[in-house]
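Only one structure is covered here, and it is reproduced in the block below.
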Amino acid sequence: MTDAAPAAPGTPAPYDAVVLAGGAARRLGGADKPGVRVGGRALLDRVLAACADARTTVVVAAPRPTARPVRWTREDPPGGGPLAALAAGLRHTTAGHTVVLSADLPFLRSGTLRRLLTALRDTGADGALLTDAGGRDQPLVAAYRTAALRRELAALAAAHGALTGLPLRRLTGTLRLTRVPDPLASFDCDTWDDIADARARIREHGHVLDEWISAVKDELGIDLDVDTGVLLDLARDAAHGVARPAAPLTTFLVGYAAARGAGGPEAVAEAARKAAALALRWEEESDAAGKSASGGGPSAPDAG
């Protein structure tokens, strides 16, 4: 059974996710690629964060600890290749659309998946996939109509007796596909050079803060989107108007206060607003005190 209910206008349909994480990683010398860390987070956890909106997320691999709960399954026999793994994952999905992902995509974001699902909806194709910097198709960063995947996988299994060992192009060659160019989100880590490149990119100035915040939220189990600009402004005001160590302590107290209250983004924003106003009052008093001490301001009330 699949979920055929239409999505609201302008929004992607509900989807399930199948993540293929059981490859041999031969170009990494057989290393545990899904567990390799980029920006302090395992590659698999980074992919799972991108598809956190999925109704069901199925990972085709041997079970391991992950930052969020998923459903685990394996192809039979293990190591049977991407089509066998995909078929195993699809047995646990029910949504009309399925996002299919590899476990080695350090720059994948939820917004990319929304773009794929929107392209799938708007074009009427069987699938929407990313293309990389060289224009090559990336069928393991894609959104598909679940019924089309099941239909073609069944046809391939009937024609070949099994899906084991069949290349992915046997499936994609039978589907009507639309392409979405995205050189960054399609970047995958096949070699140690790719890993080094990804680690370096994450620390570039334009990415490092967002990456750090995402890593901290994953590490602490926090699923909360807040306006980081508000918190940075608060830290600046506290450091300037009070004392430099006040910045980290104040932002900590804002988080603590929000957690004791409603706990959502609005609670964080309200606590930050109050603390910022207090910091500005401190700064104003400090400025007034400085003027008075230099003889340039009004006399204190108890001055004789």
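By convention here, the chains of the structure tokens are called A, B, ... in the order presented, each chain's residues are numbered starting at 1, and ligands are numbered starting at 1 in the order presented.
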>> Using only C-alpha atoms, which protein or nucleic acid residues come within 10 Å of Pro69 (chain A)? Drop anything in the same chain fewer than 5 positions from it, and give the result as a PyMOL selection string.
In response: chain A and resi 48+52+56-58
Restricted to all heavy atoms, what would the selected residues look like written as a compact mmCIF listing (two decimals), in the first residue's frame?
```
# COMPACT_ATOMS: atom_id res chain seq x y z
N LEU A 48 21.54 11.02 7.36
CA LEU A 48 20.29 10.83 8.11
C LEU A 48 19.71 12.16 8.56
O LEU A 48 18.49 12.32 8.64
CB LEU A 48 20.55 9.92 9.31
CG LEU A 48 20.93 8.48 8.98
CD1 LEU A 48 21.16 7.69 10.26
CD2 LEU A 48 19.86 7.80 8.13
N ALA A 52 15.73 13.77 7.67
CA ALA A 52 15.00 13.65 8.94
C ALA A 52 13.50 13.83 8.78
O ALA A 52 12.73 13.39 9.64
CB ALA A 52 15.55 14.67 9.95
N THR A 56 9.49 7.30 7.10
CA THR A 56 10.27 6.13 7.51
C THR A 56 11.62 6.22 6.84
O THR A 56 11.71 6.51 5.64
CB THR A 56 9.57 4.82 7.09
OG1 THR A 56 8.29 4.74 7.72
CG2 THR A 56 10.40 3.60 7.47
N THR A 57 12.68 5.97 7.60
CA THR A 57 14.02 5.91 7.03
C THR A 57 14.56 4.50 7.21
O THR A 57 14.64 4.00 8.34
CB THR A 57 14.98 6.91 7.70
OG1 THR A 57 14.49 8.24 7.49
CG2 THR A 57 16.37 6.80 7.12
N VAL A 58 14.89 3.86 6.11
CA VAL A 58 15.42 2.50 6.11
C VAL A 58 16.88 2.56 5.71
O VAL A 58 17.22 3.12 4.67
CB VAL A 58 14.65 1.59 5.14
CG1 VAL A 58 15.14 0.15 5.25
CG2 VAL A 58 13.15 1.68 5.39
```
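Every residue of region 84-127 of chain A with a DSSP assignment of alpha helix (DSSP H), taken from the backbone, is listed as Ala84, Ala85, Leu86, Ala87, Ala88, Gly89, Leu90, Ser110, Gly111, Thr112, Leu113, Arg114, Arg115, Leu116, Leu117, Thr118, Ala119, Leu120, Arg121, Asp122 and Thr123 of chain A.
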Output N, CA and C atoms for every residue in the selection just made, as a compact mmCIF listing (two decimals), in the first residue's frame.
```
# COMPACT_ATOMS: atom_id res chain seq x y z
N ALA A 84 19.86 -5.05 -5.35
CA ALA A 84 19.37 -5.96 -4.30
C ALA A 84 19.16 -5.20 -3.00
N ALA A 85 20.07 -4.27 -2.69
CA ALA A 85 19.93 -3.48 -1.47
C ALA A 85 18.72 -2.57 -1.53
N LEU A 86 18.51 -1.94 -2.67
CA LEU A 86 17.36 -1.06 -2.83
C LEU A 86 16.05 -1.83 -2.69
N ALA A 87 15.98 -3.00 -3.30
CA ALA A 87 14.77 -3.82 -3.19
C ALA A 87 14.51 -4.20 -1.75
N ALA A 88 15.57 -4.51 -1.00
CA ALA A 88 15.40 -4.85 0.41
C ALA A 88 14.87 -3.66 1.20
N GLY A 89 15.37 -2.46 0.91
CA GLY A 89 14.90 -1.28 1.61
C GLY A 89 13.46 -0.94 1.28
N LEU A 90 13.08 -1.10 0.02
CA LEU A 90 11.72 -0.75 -0.41
C LEU A 90 10.65 -1.61 0.25
N SER A 110 18.56 18.99 3.77
CA SER A 110 17.13 18.72 3.58
C SER A 110 16.55 19.55 2.44
N GLY A 111 17.08 20.77 2.25
CA GLY A 111 16.58 21.61 1.16
C GLY A 111 16.81 20.98 -0.20
N THR A 112 17.92 20.25 -0.35
CA THR A 112 18.19 19.56 -1.61
C THR A 112 17.13 18.49 -1.86
N LEU A 113 16.76 17.76 -0.84
CA LEU A 113 15.74 16.73 -1.01
C LEU A 113 14.39 17.34 -1.36
N ARG A 114 14.09 18.49 -0.77
CA ARG A 114 12.84 19.17 -1.14
C ARG A 114 12.84 19.58 -2.60
N ARG A 115 13.99 20.03 -3.09
CA ARG A 115 14.09 20.40 -4.51
C ARG A 115 13.86 19.17 -5.39
N LEU A 116 14.43 18.05 -5.02
CA LEU A 116 14.24 16.83 -5.80
C LEU A 116 12.77 16.39 -5.79
N LEU A 117 12.16 16.42 -4.63
CA LEU A 117 10.75 16.01 -4.54
C LEU A 117 9.84 16.96 -5.29
N THR A 118 10.16 18.25 -5.27
CA THR A 118 9.37 19.22 -6.03
C THR A 118 9.52 18.99 -7.53
N ALA A 119 10.75 18.72 -7.98
CA ALA A 119 10.97 18.43 -9.40
C ALA A 119 10.24 17.17 -9.82
N LEU A 120 10.22 16.17 -8.95
CA LEU A 120 9.50 14.93 -9.24
C LEU A 120 8.01 15.20 -9.39
N ARG A 121 7.47 16.00 -8.50
CA ARG A 121 6.04 16.33 -8.56
C ARG A 121 5.71 17.15 -9.80
N ASP A 122 6.53 18.15 -10.09
CA ASP A 122 6.19 19.10 -11.15
C ASP A 122 6.38 18.54 -12.56
N THR A 123 7.30 17.60 -12.72
CA THR A 123 7.61 17.09 -14.07
C THR A 123 6.82 15.84 -14.43
```
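The coordinates place CA of Ala95 (chain A) at 7.2 Å from CA of Thr146 (chain A).
We find CA of Gly80 (chain A) and CA of Arg37 (chain A) to be spaced 25.9 Å apart.
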Within 12 Å of region 127-141 of chain A, which residues of region 28-77 of chain A show up? Give each one with its shortest atom-to-atom distance in Å (one decimal) and the two atoms involved, counting only C-alpha atoms, rows by chain then rising residue number, as a Markdown table.
```
| residue | atom | partner | partner_atom | distance |
| --- | --- | --- | --- | --- |
| A:Val47 | CA | A:Val141 | CA | 10.3 |
| A:Ala50 | CA | A:Val141 | CA | 11.3 |
| A:Cys51 | CA | A:Val141 | CA | 11.2 |
```
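CA of Gly30 (chain A) is found 20.7 Å from CA of Leu83 (chain A).
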Excluding Trp282 (chain A) and residues on its chain fewer than 3 positions from it, collect all residues at most 8 Å away from it, counting only C-alpha atoms, and give them as a PyMOL selection string.
chain A and resi 241-242+278-279+285-286
Writer output for current selection, all heavy atoms, as a short mmCIF file (atom, residue, chain, number, x, y, z; two decimals), in the first residue's frame:
```cif
data_model
loop_
_atom_site.label_atom_id
_atom_site.label_comp_id
_atom_site.auth_asym_id
_atom_site.auth_seq_id
_atom_site.Cartn_x
_atom_site.Cartn_y
_atom_site.Cartn_z
N GLY A 241 29.11 45.36 26.29
CA GLY A 241 28.49 46.19 27.31
C GLY A 241 28.76 45.75 28.73
O GLY A 241 28.58 46.53 29.67
N VAL A 242 29.19 44.49 28.92
CA VAL A 242 29.42 43.99 30.28
C VAL A 242 30.88 43.58 30.43
O VAL A 242 31.67 44.29 31.04
CB VAL A 242 28.48 42.79 30.58
CG1 VAL A 242 28.66 42.31 32.01
CG2 VAL A 242 27.02 43.16 30.32
N LEU A 278 18.92 43.87 28.57
CA LEU A 278 19.67 44.04 29.81
C LEU A 278 21.11 44.45 29.52
O LEU A 278 21.65 45.36 30.17
CB LEU A 278 19.63 42.76 30.62
CG LEU A 278 20.44 42.74 31.92
CD1 LEU A 278 19.92 43.80 32.89
CD2 LEU A 278 20.39 41.35 32.56
N ALA A 279 21.74 43.80 28.54
CA ALA A 279 23.12 44.12 28.19
C ALA A 279 23.24 45.57 27.72
O ALA A 279 24.21 46.27 28.05
CB ALA A 279 23.64 43.17 27.13
N GLU A 285 24.52 52.46 31.34
CA GLU A 285 24.95 52.87 32.66
C GLU A 285 26.47 53.04 32.74
O GLU A 285 26.98 53.94 33.38
CB GLU A 285 24.48 51.85 33.70
CG GLU A 285 22.99 51.84 33.91
CD GLU A 285 22.55 50.80 34.92
OE1 GLU A 285 23.42 50.25 35.63
OE2 GLU A 285 21.33 50.53 35.02
N SER A 286 27.17 52.14 32.04
CA SER A 286 28.64 52.23 32.03
C SER A 286 29.09 53.52 31.34
O SER A 286 30.00 54.21 31.81
CB SER A 286 29.23 51.01 31.31
OG SER A 286 30.63 51.11 31.22
#
```
Considering only C-alpha atoms, return as number ranges by chain whatever protein or nucleic-acid residues lie within 12 Å of Ile213 (chain A), sequence-local ones (same chain, fewer than 4 positions apart) excluded.
A: 39-41, 207-209, 217-228, 231
Residues just named, written with all heavy atoms as a CSV table (one decimal), in the first residue's frame:
```csv
chain,number,residue,atom,x,y,z
A,39,GLY,N,33.7,16.8,9.7
A,39,GLY,CA,33.1,17.9,10.5
A,39,GLY,C,32.6,17.3,11.8
A,39,GLY,O,31.6,17.8,12.4
A,40,GLY,N,33.3,16.3,12.3
A,40,GLY,CA,32.9,15.7,13.6
A,40,GLY,C,31.8,14.8,13.6
A,40,GLY,O,31.4,14.3,14.7
A,41,ARG,N,31.1,14.6,12.5
A,41,ARG,CA,30.0,13.7,12.4
A,41,ARG,C,30.2,12.6,11.4
A,41,ARG,O,30.8,12.8,10.3
A,41,ARG,CB,28.7,14.5,12.0
A,41,ARG,CG,28.2,15.5,13.0
A,41,ARG,CD,26.9,16.0,12.7
A,41,ARG,NE,27.0,16.9,11.5
A,41,ARG,CZ,25.9,17.3,10.8
A,41,ARG,NH1,24.7,16.8,11.1
A,41,ARG,NH2,26.1,18.2,9.8
A,207,HIS,N,31.1,28.3,5.7
A,207,HIS,CA,30.4,27.1,6.1
A,207,HIS,C,30.6,26.7,7.6
A,207,HIS,O,29.8,26.0,8.2
A,207,HIS,CB,30.8,25.9,5.3
A,207,HIS,CG,30.7,26.1,3.8
A,207,HIS,ND1,29.4,26.2,3.2
A,207,HIS,CD2,31.6,26.2,2.8
A,207,HIS,CE1,29.6,26.4,1.9
A,207,HIS,NE2,30.9,26.4,1.6
A,208,VAL,N,31.7,27.1,8.2
A,208,VAL,CA,32.1,26.5,9.4
A,208,VAL,C,31.1,26.7,10.6
A,208,VAL,O,30.9,25.8,11.4
A,208,VAL,CB,33.5,27.1,9.8
A,208,VAL,CG1,33.5,28.6,10.2
A,208,VAL,CG2,34.1,26.3,11.0
A,209,LEU,N,30.5,27.9,10.7
A,209,LEU,CA,29.6,28.1,11.8
A,209,LEU,C,28.3,27.3,11.7
A,209,LEU,O,27.9,26.6,12.6
A,209,LEU,CB,29.2,29.6,11.8
A,209,LEU,CG,28.3,30.0,13.0
A,209,LEU,CD1,29.0,29.7,14.3
A,209,LEU,CD2,27.9,31.5,13.0
A,217,LYS,N,24.2,20.2,17.6
A,217,LYS,CA,22.8,19.8,17.8
A,217,LYS,C,22.7,18.3,17.7
A,217,LYS,O,22.0,17.6,18.5
A,217,LYS,CB,21.9,20.5,16.8
A,217,LYS,CG,21.7,22.0,17.1
A,217,LYS,CD,20.5,22.6,16.4
A,217,LYS,CE,20.7,22.5,14.9
A,217,LYS,NZ,19.6,23.2,14.2
A,218,ASP,N,23.4,17.7,16.7
A,218,ASP,CA,23.4,16.2,16.6
A,218,ASP,C,24.0,15.6,17.8
A,218,ASP,O,23.5,14.6,18.4
A,218,ASP,CB,24.2,15.8,15.4
A,218,ASP,CG,23.3,15.7,14.1
A,218,ASP,OD1,22.2,16.1,14.2
A,218,ASP,OD2,23.8,15.3,13.1
A,219,GLU,N,25.1,16.1,18.3
A,219,GLU,CA,25.8,15.5,19.5
A,219,GLU,C,24.9,15.6,20.7
A,219,GLU,O,24.9,14.6,21.5
A,219,GLU,CB,27.1,16.2,19.7
A,219,GLU,CG,28.1,15.5,20.6
A,219,GLU,CD,28.7,14.3,20.0
A,219,GLU,OE1,28.6,14.1,18.7
A,219,GLU,OE2,29.3,13.5,20.7
A,220,LEU,N,24.2,16.6,20.9
A,220,LEU,CA,23.4,16.8,22.1
A,220,LEU,C,21.9,16.3,21.9
A,220,LEU,O,21.1,16.4,22.9
A,220,LEU,CB,23.3,18.3,22.5
A,220,LEU,CG,24.7,18.9,22.8
A,220,LEU,CD1,24.5,20.4,23.2
A,220,LEU,CD2,25.4,18.2,23.9
A,221,GLY,N,21.6,15.9,20.7
A,221,GLY,CA,20.2,15.4,20.5
A,221,GLY,C,19.2,16.5,20.5
A,221,GLY,O,18.1,16.3,20.9
A,222,ILE,N,19.6,17.7,20.0
A,222,ILE,CA,18.7,18.8,19.9
A,222,ILE,C,18.1,18.9,18.5
A,222,ILE,O,18.9,19.0,17.6
A,222,ILE,CB,19.4,20.1,20.3
A,222,ILE,CG1,20.0,20.0,21.7
A,222,ILE,CG2,18.5,21.3,20.2
A,222,ILE,CD1,20.9,21.1,22.1
A,223,ASP,N,16.8,19.0,18.4
A,223,ASP,CA,16.2,19.2,17.1
A,223,ASP,C,15.4,20.6,17.2
A,223,ASP,O,14.2,20.6,17.4
A,223,ASP,CB,15.2,18.1,16.8
A,223,ASP,CG,14.5,18.2,15.4
A,223,ASP,OD1,15.1,19.0,14.6
A,223,ASP,OD2,13.5,17.6,15.2
A,224,LEU,N,16.2,21.6,17.1
A,224,LEU,CA,15.7,23.0,17.3
A,224,LEU,C,16.4,23.9,16.3
A,224,LEU,O,17.6,24.1,16.4
A,224,LEU,CB,15.9,23.4,18.7
A,224,LEU,CG,15.4,24.8,19.1
A,224,LEU,CD1,13.9,24.9,19.0
A,224,LEU,CD2,15.9,25.2,20.5
A,225,ASP,N,15.6,24.6,15.5
A,225,ASP,CA,16.2,25.6,14.6
A,225,ASP,C,15.9,27.0,15.2
A,225,ASP,O,14.8,27.4,15.5
A,225,ASP,CB,15.5,25.6,13.2
A,225,ASP,CG,15.9,24.3,12.5
A,225,ASP,OD1,17.1,23.9,12.6
A,225,ASP,OD2,15.1,23.8,11.7
A,226,VAL,N,17.0,27.7,15.5
A,226,VAL,CA,16.9,29.1,16.1
A,226,VAL,C,17.6,30.0,15.2
A,226,VAL,O,18.4,29.7,14.4
A,226,VAL,CB,17.4,29.1,17.5
A,226,VAL,CG1,16.6,28.2,18.4
A,226,VAL,CG2,18.9,28.7,17.6
A,227,ASP,N,17.3,31.3,15.4
A,227,ASP,CA,18.0,32.4,14.7
A,227,ASP,C,19.4,32.6,15.3
A,227,ASP,O,19.5,33.3,16.3
A,227,ASP,CB,17.2,33.6,14.8
A,227,ASP,CG,17.7,34.8,13.9
A,227,ASP,OD1,18.8,34.7,13.5
A,227,ASP,OD2,16.9,35.7,13.6
A,228,THR,N,20.4,32.0,14.7
A,228,THR,CA,21.8,32.2,15.2
A,228,THR,C,22.2,33.6,15.2
A,228,THR,O,23.0,34.0,16.0
A,228,THR,CB,22.8,31.3,14.4
A,228,THR,OG1,22.7,31.6,13.0
A,228,THR,CG2,22.4,29.8,14.6
A,231,LEU,N,21.4,35.2,18.5
A,231,LEU,CA,22.3,34.8,19.6
A,231,LEU,C,23.7,35.4,19.4
A,231,LEU,O,24.3,35.8,20.4
A,231,LEU,CB,22.4,33.3,19.6
A,231,LEU,CG,21.1,32.5,20.0
A,231,LEU,CD1,21.3,31.0,19.9
A,231,LEU,CD2,20.6,32.9,21.3
```
Step one, run DSSP on the backbone; step two, keep only residues of region 53-296 of chain A assigned to strand (DSSP E); then write them as a ChimeraX atom specification. /A:57-60,71-73,97-102,127-131,137-145,177-181
Take the residues from that selection and put them in a file with N, CA and C atoms, as a compact mmCIF listing (two decimals), in the first residue's frame.
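So selection29.txt came out as:
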```
# COMPACT_ATOMS: atom_id res chain seq x y z
N THR A 57 12.68 5.97 7.60
CA THR A 57 14.02 5.91 7.03
C THR A 57 14.56 4.50 7.21
N VAL A 58 14.89 3.86 6.11
CA VAL A 58 15.42 2.50 6.11
C VAL A 58 16.88 2.56 5.71
N VAL A 59 17.76 1.99 6.53
CA VAL A 59 19.18 1.91 6.19
C VAL A 59 19.50 0.46 5.88
N VAL A 60 20.05 0.24 4.69
CA VAL A 60 20.38 -1.12 4.26
C VAL A 60 21.85 -1.36 4.59
N ARG A 71 15.15 2.30 10.66
CA ARG A 71 14.85 0.89 10.51
C ARG A 71 15.99 0.25 9.71
N TRP A 72 16.46 -0.90 10.17
CA TRP A 72 17.60 -1.57 9.53
C TRP A 72 17.13 -2.79 8.76
N THR A 73 17.80 -3.06 7.64
CA THR A 73 17.54 -4.28 6.88
C THR A 73 18.79 -4.62 6.09
N HIS A 97 6.42 8.35 -2.62
CA HIS A 97 7.73 8.80 -3.10
C HIS A 97 8.81 8.27 -2.17
N THR A 98 9.93 7.89 -2.75
CA THR A 98 11.05 7.38 -1.97
C THR A 98 12.32 8.11 -2.38
N VAL A 99 13.02 8.65 -1.41
CA VAL A 99 14.33 9.24 -1.64
C VAL A 99 15.36 8.13 -1.45
N VAL A 100 16.25 7.98 -2.43
CA VAL A 100 17.28 6.94 -2.38
C VAL A 100 18.63 7.63 -2.29
N LEU A 101 19.40 7.27 -1.26
CA LEU A 101 20.64 7.97 -0.97
C LEU A 101 21.77 7.00 -0.66
N SER A 102 22.97 7.38 -1.04
CA SER A 102 24.15 6.68 -0.55
C SER A 102 24.51 7.27 0.81
N GLY A 127 11.53 9.71 -11.76
CA GLY A 127 12.55 10.04 -10.76
C GLY A 127 13.19 11.38 -11.06
N ALA A 128 13.72 11.99 -10.01
CA ALA A 128 14.48 13.24 -10.14
C ALA A 128 15.80 13.03 -9.43
N LEU A 129 16.91 13.20 -10.15
CA LEU A 129 18.21 12.92 -9.56
C LEU A 129 19.15 14.11 -9.72
N LEU A 130 20.14 14.17 -8.85
CA LEU A 130 21.16 15.21 -8.97
C LEU A 130 22.16 14.85 -10.04
N THR A 131 22.77 15.88 -10.61
CA THR A 131 23.95 15.70 -11.46
C THR A 131 25.12 16.41 -10.80
N ASP A 137 25.02 11.80 -14.00
CA ASP A 137 23.88 11.43 -13.17
C ASP A 137 24.36 10.82 -11.86
N GLN A 138 23.65 11.14 -10.78
CA GLN A 138 23.92 10.56 -9.46
C GLN A 138 22.63 9.88 -8.96
N PRO A 139 22.38 8.65 -9.40
CA PRO A 139 21.11 8.00 -9.07
C PRO A 139 20.95 7.65 -7.60
N LEU A 140 22.01 7.77 -6.80
CA LEU A 140 21.90 7.54 -5.36
C LEU A 140 21.82 8.85 -4.58
N VAL A 141 21.43 9.91 -5.27
CA VAL A 141 21.00 11.16 -4.63
C VAL A 141 19.77 11.59 -5.41
N ALA A 142 18.65 10.93 -5.15
CA ALA A 142 17.50 11.05 -6.04
C ALA A 142 16.20 10.77 -5.29
N ALA A 143 15.12 11.26 -5.90
CA ALA A 143 13.76 10.98 -5.42
C ALA A 143 13.02 10.25 -6.54
N TYR A 144 12.32 9.19 -6.18
CA TYR A 144 11.64 8.36 -7.17
C TYR A 144 10.19 8.12 -6.75
N ARG A 145 9.38 7.82 -7.77
CA ARG A 145 8.04 7.32 -7.48
C ARG A 145 8.19 5.85 -7.06
N LEU A 177 13.51 10.10 -16.26
CA LEU A 177 14.19 10.86 -15.22
C LEU A 177 14.28 12.34 -15.57
N THR A 178 14.26 13.17 -14.53
CA THR A 178 14.58 14.59 -14.69
C THR A 178 15.80 14.89 -13.84
N ARG A 179 16.59 15.87 -14.26
CA ARG A 179 17.87 16.15 -13.60
C ARG A 179 17.84 17.48 -12.87
N VAL A 180 18.53 17.53 -11.73
CA VAL A 180 18.68 18.74 -10.93
C VAL A 180 20.18 18.93 -10.67
N PRO A 181 20.82 19.91 -11.32
CA PRO A 181 22.26 20.10 -11.11
C PRO A 181 22.56 20.60 -9.69
```
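Closest approach to Val254 (chain A) from the set A:Glu204, A:Glu270, A:Asp188, A:Asp32 is made by A:Glu270, with distances taken over only C-alpha atoms.
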* Asked: Neighbours of Arg27 (chain A) within 9 Å (only C-alpha atoms; same-chain residues fewer than 6 positions away dropped), as a ChimeraX atom specification?
  -> /A:190-192
